[in-house]
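For reference, the structure discussed in these notes is given below.
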Amino acid sequence: MNENKVQIVTLSGLTCESCEKMVSKRLMKIEGVTNIQVTASNGLTSILASRQITIPEIKKALEGTHYSVVNNL
């Protein structure tokens with residue numbers, strides 16, 4: 001049985017609830033992602049996944065938007 005992993009990244013460009021929903025929708029399309037929590041006020045995004053999600057995967061999921069990865073914790 002695989003144990004889910006939590007990863008936290010900081011994103012820039014988030015300003016509202018609509019931004020949170022857009023980012024969540026895009027990141028949920030990454031294989032292995034089971035849950036997303038996005039907080040526009042500080043940009044913190046928590047990713048729950050069955051495997052380690054790479055920064056390039058996150059960047060690819062956000063292509064075509066004005067959201068970008070600032071760092072990962």
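Letters A, B, ... mark the chains of the structure tokens in the order given; residue numbers begin at 1 per chain; ligand numbers begin at 1, in order shown.
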Near-stretch 33-50 of chain A list (9 Å; only C-alpha atoms; drop same-chain fewer than 2 positions) as a PyMOL selection string: chain A and resi 2-17+19-21+23-25+27-31+52-53+70
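Of all the residues in stretch 10-69 of chain A, the ones DSSP labels as strand (DSSP E or B) from the backbone are Thr10, Leu11, Ser12, Val33, Thr34, Asn35, Ile36, Gln37, Val38, Leu44, Thr45, Ser46, Ile47, Leu48, Ala49, Ser68 and Val69 of chain A.
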Two-atom distance - atom CA of A:Arg51, atom CA of A:Gly64 (Å):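 Distance between the two atoms: 24.8 Å.
Backbone DSSP over chain A gives alpha helix (DSSP H) for Glu17, Ser18, Cys19, Glu20, Lys21, Met22, Val23, Ser24, Lys25, Arg26, Leu27, Ile55, Pro56, Glu57, Ile58, Lys59, Lys60 and Ala61 of chain A.
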Take the residues from that selection and write them out as a short mmCIF file (atom, residue, chain, number, x, y, z; two decimals), in the first residue's frame, keeping all heavy atoms.
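Final output, out_39.cif:
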```
data_model
loop_
_atom_site.label_atom_id
_atom_site.label_comp_id
_atom_site.auth_asym_id
_atom_site.auth_seq_id
_atom_site.Cartn_x
_atom_site.Cartn_y
_atom_site.Cartn_z
N GLU A 17 -10.34 33.65 -4.74
CA GLU A 17 -10.89 32.29 -4.70
C GLU A 17 -10.92 31.66 -6.09
O GLU A 17 -10.70 30.45 -6.25
CB GLU A 17 -12.29 32.32 -4.11
CG GLU A 17 -12.86 30.95 -3.86
CD GLU A 17 -14.22 31.00 -3.18
OE1 GLU A 17 -14.48 31.92 -2.38
OE2 GLU A 17 -15.03 30.09 -3.47
N SER A 18 -11.15 32.45 -7.10
CA SER A 18 -11.15 31.95 -8.47
C SER A 18 -9.76 31.41 -8.85
O SER A 18 -9.65 30.38 -9.52
CB SER A 18 -11.57 33.07 -9.44
OG SER A 18 -11.55 32.60 -10.76
N CYS A 19 -8.72 32.10 -8.40
CA CYS A 19 -7.35 31.65 -8.63
C CYS A 19 -7.12 30.30 -7.95
O CYS A 19 -6.53 29.38 -8.52
CB CYS A 19 -6.34 32.64 -8.08
SG CYS A 19 -6.33 34.25 -8.89
N GLU A 20 -7.60 30.19 -6.72
CA GLU A 20 -7.45 28.93 -5.97
C GLU A 20 -8.10 27.77 -6.73
O GLU A 20 -7.52 26.70 -6.85
CB GLU A 20 -8.10 29.06 -4.59
CG GLU A 20 -7.42 30.03 -3.67
CD GLU A 20 -8.17 30.27 -2.37
OE1 GLU A 20 -9.34 29.82 -2.23
OE2 GLU A 20 -7.61 30.92 -1.49
N LYS A 21 -9.30 28.01 -7.25
CA LYS A 21 -10.02 26.96 -7.98
C LYS A 21 -9.30 26.59 -9.26
O LYS A 21 -9.21 25.41 -9.61
CB LYS A 21 -11.45 27.42 -8.27
CG LYS A 21 -12.32 27.46 -7.04
CD LYS A 21 -13.71 27.95 -7.37
CE LYS A 21 -14.54 28.06 -6.09
NZ LYS A 21 -15.87 28.60 -6.36
N MET A 22 -8.78 27.58 -10.00
CA MET A 22 -8.08 27.32 -11.26
C MET A 22 -6.83 26.49 -11.02
O MET A 22 -6.56 25.50 -11.71
CB MET A 22 -7.71 28.64 -11.94
CG MET A 22 -6.81 28.46 -13.14
SD MET A 22 -7.58 27.61 -14.52
CE MET A 22 -8.44 28.96 -15.25
N VAL A 23 -6.04 26.89 -10.01
CA VAL A 23 -4.81 26.15 -9.70
C VAL A 23 -5.15 24.73 -9.25
O VAL A 23 -4.53 23.76 -9.70
CB VAL A 23 -3.98 26.90 -8.63
CG1 VAL A 23 -2.88 26.02 -8.07
CG2 VAL A 23 -3.39 28.16 -9.22
N SER A 24 -6.13 24.59 -8.39
CA SER A 24 -6.54 23.26 -7.92
C SER A 24 -6.94 22.37 -9.08
O SER A 24 -6.51 21.21 -9.16
CB SER A 24 -7.71 23.37 -6.94
OG SER A 24 -7.31 24.01 -5.76
N LYS A 25 -7.75 22.90 -9.97
CA LYS A 25 -8.22 22.13 -11.12
C LYS A 25 -7.06 21.64 -11.98
O LYS A 25 -7.01 20.49 -12.40
CB LYS A 25 -9.18 22.99 -11.94
CG LYS A 25 -9.81 22.29 -13.10
CD LYS A 25 -10.79 23.20 -13.81
CE LYS A 25 -11.41 22.52 -15.01
NZ LYS A 25 -12.37 23.38 -15.70
N ARG A 26 -6.10 22.52 -12.23
CA ARG A 26 -4.96 22.15 -13.07
C ARG A 26 -4.04 21.14 -12.38
O ARG A 26 -3.58 20.19 -13.00
CB ARG A 26 -4.18 23.40 -13.48
CG ARG A 26 -4.91 24.18 -14.56
CD ARG A 26 -4.13 25.42 -14.93
NE ARG A 26 -4.71 26.00 -16.13
CZ ARG A 26 -4.13 25.95 -17.33
NH1 ARG A 26 -2.98 25.35 -17.48
NH2 ARG A 26 -4.70 26.52 -18.37
N LEU A 27 -3.78 21.35 -11.09
CA LEU A 27 -2.87 20.44 -10.39
C LEU A 27 -3.49 19.07 -10.16
O LEU A 27 -2.78 18.07 -10.10
CB LEU A 27 -2.41 21.06 -9.07
CG LEU A 27 -1.57 22.34 -9.19
CD1 LEU A 27 -1.16 22.84 -7.81
CD2 LEU A 27 -0.34 22.13 -10.06
N ILE A 55 8.72 19.67 -9.44
CA ILE A 55 8.47 21.08 -9.77
C ILE A 55 8.21 21.24 -11.27
O ILE A 55 7.28 21.96 -11.65
CB ILE A 55 9.64 21.98 -9.29
CG1 ILE A 55 9.73 21.95 -7.76
CG2 ILE A 55 9.47 23.41 -9.79
CD1 ILE A 55 8.50 22.42 -7.02
N PRO A 56 8.97 20.57 -12.15
CA PRO A 56 8.65 20.68 -13.58
C PRO A 56 7.22 20.22 -13.91
O PRO A 56 6.57 20.80 -14.79
CB PRO A 56 9.70 19.78 -14.25
CG PRO A 56 10.87 19.86 -13.34
CD PRO A 56 10.25 19.88 -11.95
N GLU A 57 6.71 19.22 -13.22
CA GLU A 57 5.33 18.77 -13.44
C GLU A 57 4.35 19.87 -13.04
O GLU A 57 3.34 20.09 -13.72
CB GLU A 57 5.03 17.51 -12.64
CG GLU A 57 5.66 16.25 -13.18
CD GLU A 57 5.34 15.06 -12.31
OE1 GLU A 57 5.80 15.01 -11.15
OE2 GLU A 57 4.60 14.17 -12.79
N ILE A 58 4.62 20.52 -11.92
CA ILE A 58 3.75 21.60 -11.45
C ILE A 58 3.79 22.76 -12.45
O ILE A 58 2.76 23.30 -12.84
CB ILE A 58 4.16 22.07 -10.04
CG1 ILE A 58 3.96 20.93 -9.04
CG2 ILE A 58 3.38 23.31 -9.63
CD1 ILE A 58 4.57 21.17 -7.68
N LYS A 59 4.99 23.11 -12.89
CA LYS A 59 5.14 24.21 -13.85
C LYS A 59 4.39 23.89 -15.15
O LYS A 59 3.73 24.76 -15.71
CB LYS A 59 6.61 24.48 -14.13
CG LYS A 59 7.32 25.15 -12.97
CD LYS A 59 8.77 25.40 -13.29
CE LYS A 59 9.46 26.12 -12.13
NZ LYS A 59 10.88 26.37 -12.42
N LYS A 60 4.50 22.64 -15.60
CA LYS A 60 3.80 22.25 -16.83
C LYS A 60 2.29 22.36 -16.66
O LYS A 60 1.58 22.82 -17.55
CB LYS A 60 4.19 20.84 -17.24
CG LYS A 60 3.55 20.42 -18.53
CD LYS A 60 4.06 19.10 -19.03
CE LYS A 60 3.36 18.79 -20.35
NZ LYS A 60 3.89 17.68 -21.04
N ALA A 61 1.79 21.94 -15.50
CA ALA A 61 0.35 22.01 -15.23
C ALA A 61 -0.15 23.45 -15.22
O ALA A 61 -1.31 23.72 -15.53
CB ALA A 61 0.03 21.33 -13.90
#
```
